[in-house]
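Some notes on the structure that comes next.
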Amino acid sequence: MNSTLEMKNDTLAPRSSAMKLTFVLVVSLFFLWALTGNLIPVLIPHLRKACQLNDFQSAFIDSAYWVSYFFFALPAAWVMRKWSYKTGIITGLLIAAAGAVLFFPAAELRSFGLFLFALFLVAAGMTFLETAANPYITVIGPKETSVPRLNFAQAFNGLGAFVAAFFLSKVILSGKEYSADQLNAMSPEALNNYLLDEARSVQAPYLVIAGTLLVVALIFRLVHFPKVQEEHGSNLSLNLRVFRHVHFRWGVIAQFAYVGAQVCISSFFIRYAGFSAGMPETEATTFLGMLLLCFMLGRYAGTLLMRKISPRILLMIYSGASVLLLAYCVLQGGIVGVYFLLAVEFFMSIMFPTIFSMAIKDLGNETKTASAFLVMSIVGGALVPLGLGATAYYYNVQLAYVVPLVCFAVVLYYAWRHSLPAQVKELPSH
């Protein structure tokens with residue numbers, strides 16, 4: 001009985017009281033960055049209306065958010081190297097709060113450019129949180145349970161995604177959908193009032209988010225962070241030497257592909273449901289909530305399954321299932337395609353933390369540098385959706401889902417390659 005409890009504690013949280021409190025606080029960050037990141041699928045159709053965009057232009061909403069990870073991952077790692085994980089987290093919370101506040105003037109001006117800049121700042125803050133929280137969770141407990149522990153923490157990311165999609169989306173989206181002919185028939189004053197009302201619906205939710213981020217920053221400022229072994233003597237090397245580890249190098253490639261696929265699946269889900277299944281916007285938001293609920297449930301299920309199945313094998317099974325399901329979504333679609341996307345969300349739920357943990361395994365003092373590069377690979381979420389958006393613009397959004405299908409095939413290849421004997425060896429360093 002006692003051994004069972006100890007194993008559970010080792011898996012989910014450290015044993016000391018100070019570290020348990022820190023663990024709980026850091027896990028809460030996974031909820032917060034999911035809350036902001038998973039409002040993107042709502043903002044894409046919303047700002048598409050409010051700022052009168054086409055599919056390709058609306059894809060830049062994804063780009064503005066996710067490209068920030070590329071630019072701020074290394075500065076975030078530098079801050080943590082020079083000071084601490086705690087400093088990096090507080091810095092990220094303050095930057096993200098500033099970006100959330102900017103949604104108010106962006107809506108008043110109905111400025112797409114200012115909306116993009118606000119999203120860029122929010123994501124910059126979240127980059128600090130992810131660069132700190134992911135490796136901190138892996139080093140705060142026993143090394144052998146780092147993968148299930150990170151999957152457990154990431155399950156709260158799924159909870160934040162569900163709250164964003166199922167509740168906040170209904171505050172932002174009005175459900176008013178007019179055809180091009182109906183919009184052209186409006187007087188200039190009526191059209192401006194309609195578009196301004198649509199834009200203003202984001203103000204209250206983002207002000208609440210800003211206030212929440214500031215409160216959390218204050219809590220982190222007041223709480224003592226215990227040092228972890230990895231922080232002592234760790235160096236932040238920017239000479240790319242960490243890429244000599246083959247398992248890490250392929251991990252960056254797989255993470256780039258995975259994040260690109262994840263962003264594509266959810267960001268264009270409302271558009272896919274409307275085009276392929278004829279689903280109204282408000283009904284699609286309910287399905288979006290179910291989509292992200294499947295993501296959360298998949299994280300919890302994956303954490304349990306990893307007690308019996310190795311993370312690599314599970315990653316291989318889940319990525320293979322995602323490829324097959326998406327093939328149907330592209331070729332057939334319809335309401336079945338919508339439900340299959342829910343299943344894809346379940347299967348892809350374990351991929352980010354599993355790839356992350358596998359990629360930084362046994363890197364020692366290079367863990368922070370490796371973490372920064374892995375977070376930089378989230379730029380896949382900025383670039384891959386542009387391919388989906390362009391395909392949707394020139395063809396249709398159903399066919400465009402071939403883009404995430406290819407990305408999951410890359411993840412499947414990584415899971416298979418990770419089992420090769422050469423994968424665990426280092427390349428010679430010079």
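Letters A, B, ... mark the chains of the structure tokens in the order given; residue numbers begin at 1 per chain; ligand numbers begin at 1, in order shown.
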
Going by DSSP on the backbone, which residues of segment 173-362 of chain A come out as helix (DSSP H, G or I)? List them as a PyMOL selection string.
chain A and resi 180-185+188-200+203-222+229-231+241-244+246-267+269-277+281-305+311-331+334-348+351-360

Skip segment 393-396 of chain A itself and residues of its chain fewer than 3 positions away, then list as a PDB file with N, CA, C and O atoms, in the first residue's frame all residues within 7 Å of it, counting only C-alpha atoms.
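Result saved to selection.pdb:
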ATOM      1  N   ASP A  55      -9.719  33.671 -45.823  1.00  0.00           N
ATOM      2  CA  ASP A  55      -9.117  32.559 -45.088  1.00  0.00           C
ATOM      3  C   ASP A  55      -7.610  32.706 -44.929  1.00  0.00           C
ATOM      4  O   ASP A  55      -7.056  32.432 -43.857  1.00  0.00           O
ATOM      5  N   PHE A  56      -6.936  33.134 -45.986  1.00  0.00           N
ATOM      6  CA  PHE A  56      -5.490  33.263 -45.913  1.00  0.00           C
ATOM      7  C   PHE A  56      -5.090  34.373 -44.947  1.00  0.00           C
ATOM      8  O   PHE A  56      -4.178  34.213 -44.128  1.00  0.00           O
ATOM      9  N   GLY A 389      -4.141  27.641 -44.663  1.00  0.00           N
ATOM     10  CA  GLY A 389      -4.949  28.790 -45.090  1.00  0.00           C
ATOM     11  C   GLY A 389      -4.857  29.034 -46.581  1.00  0.00           C
ATOM     12  O   GLY A 389      -5.867  29.323 -47.239  1.00  0.00           O
ATOM     13  N   ALA A 390      -3.652  28.899 -47.132  1.00  0.00           N
ATOM     14  CA  ALA A 390      -3.478  29.089 -48.574  1.00  0.00           C
ATOM     15  C   ALA A 390      -4.204  28.002 -49.361  1.00  0.00           C
ATOM     16  O   ALA A 390      -4.860  28.277 -50.374  1.00  0.00           O
ATOM     17  N   LEU A 399     -10.106  19.941 -47.994  1.00  0.00           N
ATOM     18  CA  LEU A 399      -8.883  19.440 -48.614  1.00  0.00           C
ATOM     19  C   LEU A 399      -7.645  19.946 -47.879  1.00  0.00           C
ATOM     20  O   LEU A 399      -6.624  19.249 -47.791  1.00  0.00           O
ATOM     21  N   ALA A 400      -7.731  21.146 -47.326  1.00  0.00           N
ATOM     22  CA  ALA A 400      -6.584  21.764 -46.657  1.00  0.00           C
ATOM     23  C   ALA A 400      -6.121  20.972 -45.431  1.00  0.00           C
ATOM     24  O   ALA A 400      -4.972  21.114 -44.990  1.00  0.00           O
TER      25      ALA A 400
END

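The neighbours of Glu198 of chain A here are the residues that come within 9 Å of it, using only C-alpha atoms and leaving out any residue fewer than 4 positions away in the same chain; they are His46, Leu47, Lys49, Ala50, Ala107, Ile172, Leu173, Ser174, Lys176, Asn193, Tyr194 and Val202 of chain A.
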
Please report as JSON lines every residue of segment 203-291 of chain A lying within 7 Å of segment 372-380 of chain A, along with the nearest atom pair and their distance in Å (one decimal), using only C-alpha atoms.
{"residue": "A:Val252", "atom": "CA", "partner": "A:Leu374", "partner_atom": "CA", "distance": 5.5}
{"residue": "A:Gln255", "atom": "CA", "partner": "A:Ser377", "partner_atom": "CA", "distance": 6.2}
{"residue": "A:Phe256", "atom": "CA", "partner": "A:Gly380", "partner_atom": "CA", "distance": 4.6}
{"residue": "A:Ala257", "atom": "CA", "partner": "A:Gly380", "partner_atom": "CA", "distance": 6.2}
{"residue": "A:Val259", "atom": "CA", "partner": "A:Gly380", "partner_atom": "CA", "distance": 5.7}
{"residue": "A:Gly260", "atom": "CA", "partner": "A:Gly380", "partner_atom": "CA", "distance": 4.5}

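Distance check against Glu130 of chain A using only C-alpha atoms: of A:Leu114, A:Ala98, A:Val26, A:Ala185, the minimum falls on A:Val26.
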
Which neighbours of Ala343 of chain A fall inside 10 Å, counting only C-alpha atoms, when residues of the same chain fewer than 6 positions from it are skipped, and could you give them as a PyMOL selection string?
chain A and resi 291+294-295+298+321-322+325-326+337

Do a neighbour search on segment 406-411 of chain A at 9 Å with only C-alpha atoms, toss out local chain neighbours closer than 6 positions, and write the hits as a list in words.
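Listed by chain and then number, they are Gly251, Ile253, Ala254, Gln255, Phe256, Ala257, Tyr258, Val259, Gly260, Ala261, Leu315, Met316, Ser319, Gly320, Ser322, Val323, Met348, Met351, Ile355 and Val384 of chain A.
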
Produce a file of the selected residues containing C-alpha atoms, as a PDB file, in the first residue's frame.
ATOM      1  CA  GLY A 251      12.647  15.897 -31.435  1.00  0.00           C
ATOM      2  CA  ILE A 253      11.612  18.487 -36.077  1.00  0.00           C
ATOM      3  CA  ALA A 254       8.778  16.368 -34.652  1.00  0.00           C
ATOM      4  CA  GLN A 255       7.701  19.145 -32.289  1.00  0.00           C
ATOM      5  CA  PHE A 256       7.620  21.669 -35.147  1.00  0.00           C
ATOM      6  CA  ALA A 257       5.374  19.326 -37.128  1.00  0.00           C
ATOM      7  CA  TYR A 258       3.157  18.429 -34.180  1.00  0.00           C
ATOM      8  CA  VAL A 259       2.481  22.001 -33.079  1.00  0.00           C
ATOM      9  CA  GLY A 260       1.729  22.974 -36.674  1.00  0.00           C
ATOM     10  CA  ALA A 261      -0.788  20.136 -36.885  1.00  0.00           C
ATOM     11  CA  LEU A 315       3.303   8.000 -29.469  1.00  0.00           C
ATOM     12  CA  MET A 316       3.646   5.668 -32.442  1.00  0.00           C
ATOM     13  CA  SER A 319       0.252   9.390 -34.398  1.00  0.00           C
ATOM     14  CA  GLY A 320      -0.637   6.494 -36.711  1.00  0.00           C
ATOM     15  CA  SER A 322      -4.279  10.460 -36.310  1.00  0.00           C
ATOM     16  CA  VAL A 323      -2.982   9.966 -39.850  1.00  0.00           C
ATOM     17  CA  MET A 348      -2.740  13.993 -30.380  1.00  0.00           C
ATOM     18  CA  MET A 351       2.262  14.305 -28.295  1.00  0.00           C
ATOM     19  CA  ILE A 355       8.064  14.522 -27.633  1.00  0.00           C
ATOM     20  CA  VAL A 384       2.123  25.444 -40.989  1.00  0.00           C
TER      21      VAL A 384
END

Using only C-alpha atoms, find the one residue out of A:Leu102, A:Gly158, A:Ile309, A:Asn365 that sits nearest to Arg81 of chain A.
A:Asn365
